[in-house]
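Enquirer: I have a structure here, written as structure tokens, and I will follow up with some questions on it.
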Amino acid sequence: MSDLAGMLDDAARGVFPPADGAVRVLPQPSAREAGVIAFTGCSVVFADAEAEWVRGLLPDGDLSAPLNPPFLSALCERLGRRVNNIDMLTVADAVAGPPGIALTPVGGRGHPRVERALRHRDDVRAWSVPGGVVLLGRGVAGRWEVAV
């Protein structure tokens with residue numbers, strides 16, 4: 001798969017890239033999105049960087065190298081960015097029906113979690129729930145993401 005959105009759609013259906021130790025280099029899905037996703041036994045670098053440059057920085061056979069500080073620092077320098085964090089991205093298809101928890105819409109800007117989400121996602125919606133806030137927005141490769 002040469003498209004990050006398609007690769008994530010496949011993963012949501014349980015179809016993963018081969019665990020062959022490869023580092024796949026894909027174009028950025030948007031100007032905002034660049035990063036590294038590690039699957040079991042392979043990694044995907046989605047950035048406006050040449051595959052030869054990426055692979056030249058990564059030791060052969062080191063499956064953790066794409067998420068290690070030396071590579072992430074070099075990638076950030078090349079792209080003029082900074083590392084935000086290393087987080088977990090899970091994917092799934094939508095579930096039919098209403099949520100099993102009471103959701104109260106959080107209106108507009110002003111809430112710190114909404115403000116943060118707007119820096120990383122499009123089409124952000126937010127709800128307060130007992131004990132927290134739930135946000136929905138389009139994130140990596142245009143997929144819907146939930147933040148709690």
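Please note that chains go A, B, ... in the order of the structure tokens, that every chain numbers its residues from 1, and that ligands are numbered from 1 in the order shown.
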Can you tell me which residues surround Thr90 (chain A) at a distance of at most 10 Å, considering only C-alpha atoms, apart from same-chain residues fewer than 6 positions away, and format the answer as a list in words?
Expert: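 These residues fall inside the cut-off: Leu8, Ala11, Ala12, Glu145 and Val146 of chain A.
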Enquirer: Write the selection just made, keeping C-alpha atoms, as a PDB file, in the first residue's frame?
Expert:
```pdb
ATOM      1  CA  LEU A   8      -4.729   2.743   8.129  1.00  0.00           C
ATOM      2  CA  ALA A  11      -5.287  -1.925   9.650  1.00  0.00           C
ATOM      3  CA  ALA A  12      -8.783  -1.077  10.924  1.00  0.00           C
ATOM      4  CA  GLU A 145      -9.793  10.460  15.691  1.00  0.00           C
ATOM      5  CA  VAL A 146     -11.059  10.480  19.239  1.00  0.00           C
TER       6      VAL A 146
END
```
Enquirer: Skip region 142-144 of chain A itself and residues of its chain fewer than 4 positions away, then list as a ChimeraX atom specification all residues within 12 Å of it, counting only C-alpha atoms.
Expert: /A:3-9,12,28-33,89-94,120-125,135-138
Enquirer: Write out as a PyMOL selection string all residues of chain A that DSSP puts in helix (DSSP H, G or I) for this structure's backbone.
Expert: chain A and resi 4-12+51-57+65-67+69-79+112-120+140-142
Enquirer: How many Å separate CA of Gly100 (chain A) from CA of Met88 (chain A)?
Expert: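 If I compute the distance from CA of Gly100 (chain A) to CA of Met88 (chain A), I get 23.6 Å.
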Enquirer: Which residues are close to Leu103 (chain A), i.e. within 9 Å by only C-alpha atoms, leaving aside same-chain residues fewer than 6 positions away? Reply as a ChimeraX atom specification.
Expert: /A:126-130,134
Enquirer: Separation of CA of Gly139 (chain A) and CA of Ala117 (chain A), in Å?
Expert: 9.2 Å
Enquirer: Check chain A with DSSP on the backbone and list each residue it calls strand (DSSP E or B), as number ranges by chain.
Expert: A: 23-26, 35-39, 42-46, 104-105, 122-129, 132-138, 144-147
Enquirer: Take the selection from the previous step and output its residues with N, CA, C and O atoms, as a tab-separated table (two decimals), in the first residue's frame.
Expert:
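Saved as out_2.tsv:
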```
chain	number	residue	atom	x	y	z
A	23	VAL	N	11.20	-0.33	6.24
A	23	VAL	CA	10.77	1.03	6.54
A	23	VAL	C	10.16	1.56	5.25
A	23	VAL	O	10.85	1.70	4.24
A	24	ARG	N	8.86	1.81	5.28
A	24	ARG	CA	8.17	2.34	4.12
A	24	ARG	C	8.14	3.86	4.24
A	24	ARG	O	7.86	4.39	5.31
A	25	VAL	N	8.43	4.53	3.16
A	25	VAL	CA	8.43	6.00	3.15
A	25	VAL	C	7.31	6.45	2.22
A	25	VAL	O	7.30	6.11	1.04
A	26	LEU	N	6.36	7.19	2.81
A	26	LEU	CA	5.20	7.66	2.07
A	26	LEU	C	5.16	9.18	2.11
A	26	LEU	O	5.69	9.80	3.03
A	35	GLY	N	5.20	12.25	10.16
A	35	GLY	CA	5.50	11.45	11.34
A	35	GLY	C	5.96	10.06	11.01
A	35	GLY	O	6.33	9.76	9.88
A	36	VAL	N	5.93	9.24	12.03
A	36	VAL	CA	6.34	7.85	11.94
A	36	VAL	C	5.29	7.01	12.63
A	36	VAL	O	4.85	7.35	13.74
A	37	ILE	N	4.88	5.94	11.99
A	37	ILE	CA	3.97	4.97	12.61
A	37	ILE	C	4.69	3.63	12.59
A	37	ILE	O	5.16	3.19	11.54
A	38	ALA	N	4.76	3.01	13.75
A	38	ALA	CA	5.38	1.68	13.86
A	38	ALA	C	4.30	0.63	13.94
A	38	ALA	O	3.43	0.70	14.82
A	39	PHE	N	4.33	-0.29	13.02
A	39	PHE	CA	3.49	-1.48	13.06
A	39	PHE	C	4.36	-2.61	13.60
A	39	PHE	O	5.56	-2.43	13.81
A	42	CYS	N	7.50	-3.50	11.14
A	42	CYS	CA	7.79	-2.53	10.07
A	42	CYS	C	7.38	-1.15	10.53
A	42	CYS	O	6.60	-1.00	11.48
A	43	SER	N	7.93	-0.16	9.89
A	43	SER	CA	7.60	1.23	10.21
A	43	SER	C	7.24	1.98	8.95
A	43	SER	O	7.68	1.63	7.85
A	44	VAL	N	6.45	3.03	9.12
A	44	VAL	CA	6.07	3.90	8.02
A	44	VAL	C	6.47	5.32	8.39
A	44	VAL	O	6.07	5.83	9.44
A	45	VAL	N	7.28	5.94	7.56
A	45	VAL	CA	7.65	7.33	7.72
A	45	VAL	C	6.83	8.09	6.68
A	45	VAL	O	6.94	7.82	5.49
A	46	PHE	N	5.97	8.99	7.14
A	46	PHE	CA	5.19	9.79	6.20
A	46	PHE	C	5.64	11.24	6.34
A	46	PHE	O	5.35	11.92	7.31
A	104	THR	N	-22.52	15.96	26.47
A	104	THR	CA	-23.01	17.33	26.46
A	104	THR	C	-22.08	18.15	25.59
A	104	THR	O	-20.88	18.26	25.88
A	105	PRO	N	-22.58	18.72	24.47
A	105	PRO	CA	-21.70	19.48	23.57
A	105	PRO	C	-20.95	20.60	24.30
A	105	PRO	O	-21.51	21.28	25.15
A	122	ASP	N	-8.79	18.58	12.09
A	122	ASP	CA	-9.81	19.39	11.42
A	122	ASP	C	-11.18	18.90	11.86
A	122	ASP	O	-11.31	17.78	12.38
A	123	ASP	N	-12.20	19.70	11.61
A	123	ASP	CA	-13.59	19.32	11.90
A	123	ASP	C	-13.76	18.85	13.35
A	123	ASP	O	-14.42	17.85	13.62
A	124	VAL	N	-13.19	19.59	14.28
A	124	VAL	CA	-13.21	19.19	15.70
A	124	VAL	C	-14.58	19.43	16.31
A	124	VAL	O	-15.19	20.48	16.12
A	125	ARG	N	-15.04	18.43	17.05
A	125	ARG	CA	-16.26	18.51	17.85
A	125	ARG	C	-15.90	18.04	19.25
A	125	ARG	O	-15.04	17.18	19.40
A	126	ALA	N	-16.56	18.61	20.25
A	126	ALA	CA	-16.22	18.24	21.64
A	126	ALA	C	-17.47	18.10	22.48
A	126	ALA	O	-18.46	18.81	22.26
A	127	TRP	N	-17.37	17.20	23.45
A	127	TRP	CA	-18.45	16.95	24.39
A	127	TRP	C	-17.86	16.79	25.79
A	127	TRP	O	-16.79	16.20	25.94
A	128	SER	N	-18.57	17.28	26.80
A	128	SER	CA	-18.17	16.96	28.16
A	128	SER	C	-18.89	15.68	28.55
A	128	SER	O	-20.00	15.40	28.08
A	129	VAL	N	-18.22	14.90	29.36
A	129	VAL	CA	-18.75	13.63	29.87
A	129	VAL	C	-18.39	13.59	31.35
A	129	VAL	O	-17.52	14.33	31.80
A	132	GLY	N	-14.59	14.18	32.33
A	132	GLY	CA	-13.66	14.59	31.29
A	132	GLY	C	-14.30	15.20	30.06
A	132	GLY	O	-15.44	15.66	30.09
A	133	VAL	N	-13.53	15.18	28.99
A	133	VAL	CA	-13.95	15.73	27.71
A	133	VAL	C	-13.63	14.70	26.63
A	133	VAL	O	-12.59	14.05	26.68
A	134	VAL	N	-14.52	14.56	25.65
A	134	VAL	CA	-14.30	13.69	24.50
A	134	VAL	C	-14.27	14.59	23.26
A	134	VAL	O	-15.15	15.43	23.09
A	135	LEU	N	-13.24	14.41	22.44
A	135	LEU	CA	-13.13	15.19	21.21
A	135	LEU	C	-13.11	14.26	20.02
A	135	LEU	O	-12.56	13.15	20.08
A	136	LEU	N	-13.68	14.72	18.93
A	136	LEU	CA	-13.68	13.99	17.67
A	136	LEU	C	-13.21	14.96	16.61
A	136	LEU	O	-13.63	16.12	16.59
A	137	GLY	N	-12.30	14.52	15.77
A	137	GLY	CA	-11.82	15.37	14.69
A	137	GLY	C	-11.07	14.55	13.67
A	137	GLY	O	-10.72	13.40	13.91
A	138	ARG	N	-10.83	15.16	12.52
A	138	ARG	CA	-10.07	14.48	11.47
A	138	ARG	C	-8.58	14.74	11.69
A	138	ARG	O	-8.14	15.87	11.72
A	144	TRP	N	-11.05	9.95	11.13
A	144	TRP	CA	-11.64	10.43	12.37
A	144	TRP	C	-10.82	9.92	13.53
A	144	TRP	O	-10.44	8.75	13.56
A	145	GLU	N	-10.54	10.80	14.48
A	145	GLU	CA	-9.79	10.46	15.69
A	145	GLU	C	-10.58	10.90	16.91
A	145	GLU	O	-11.28	11.91	16.87
A	146	VAL	N	-10.44	10.15	17.96
A	146	VAL	CA	-11.06	10.48	19.24
A	146	VAL	C	-9.95	10.78	20.24
A	146	VAL	O	-8.95	10.06	20.30
A	147	ALA	N	-10.13	11.81	21.01
A	147	ALA	CA	-9.22	12.12	22.11
A	147	ALA	C	-10.08	12.19	23.37
A	147	ALA	O	-11.18	12.74	23.35
```
Enquirer: Which one of A:Asp10, A:Asp20, A:Asp87, A:Glu115 sits closest to Leu67 (chain A) if you count only C-alpha atoms?
Expert: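 Going through A:Asp10, A:Asp20, A:Asp87, A:Glu115 one by one, the smallest distance to Leu67 (chain A) is for A:Asp87.
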Enquirer: Any idea what the distance is between CA of Leu58 (chain A) and CA of Ala74 (chain A)?
Expert: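 According to the coordinates, CA of Leu58 (chain A) and CA of Ala74 (chain A) are separated by 10.8 Å.
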Enquirer: Applying 9 Å and only C-alpha atoms, which residues near Pro18 (chain A) remain after dropping the ones on its own chain fewer than 2 positions away? List them as an MDAnalysis selection string.
Expert: chainID A and resid 16 20:22 40:42
Enquirer: Take the residues from that selection and write them out as a compact mmCIF listing (two decimals), in the first residue's frame, keeping C-alpha atoms.
Expert:
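Output below, filename out-v3.txt:
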```txt
# COMPACT_ATOMS: atom_id res chain seq x y z
CA PHE A 16 -1.48 -5.15 8.40
CA ASP A 20 9.36 -7.80 7.12
CA GLY A 21 11.48 -5.24 8.97
CA ALA A 22 11.01 -2.71 6.18
CA THR A 40 4.60 -4.92 14.22
CA GLY A 41 7.82 -5.60 12.36
CA CYS A 42 7.79 -2.53 10.07
```
Enquirer: Between A:Arg119, A:Pro98, A:Pro59, A:Val106, which has the minimum distance to Asn84 (chain A) (counting only C-alpha atoms)?
Expert: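 When distances to Asn84 (chain A) are compared using only C-alpha atoms, the smallest one comes from A:Arg119.
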Enquirer: Residues near Arg78 (chain A), anyone? I mean within 12 Å using only C-alpha atoms, not counting same-chain ones fewer than 2 positions away, as a list in words.
Expert: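 Counting only the stated atoms, we get Ala34, Ala47, Asp48, Ala49, Glu50, Trp53, Val54, Phe71, Leu72, Ser73, Ala74, Leu75, Cys76, Gly80, Arg81 and Arg82 of chain A.
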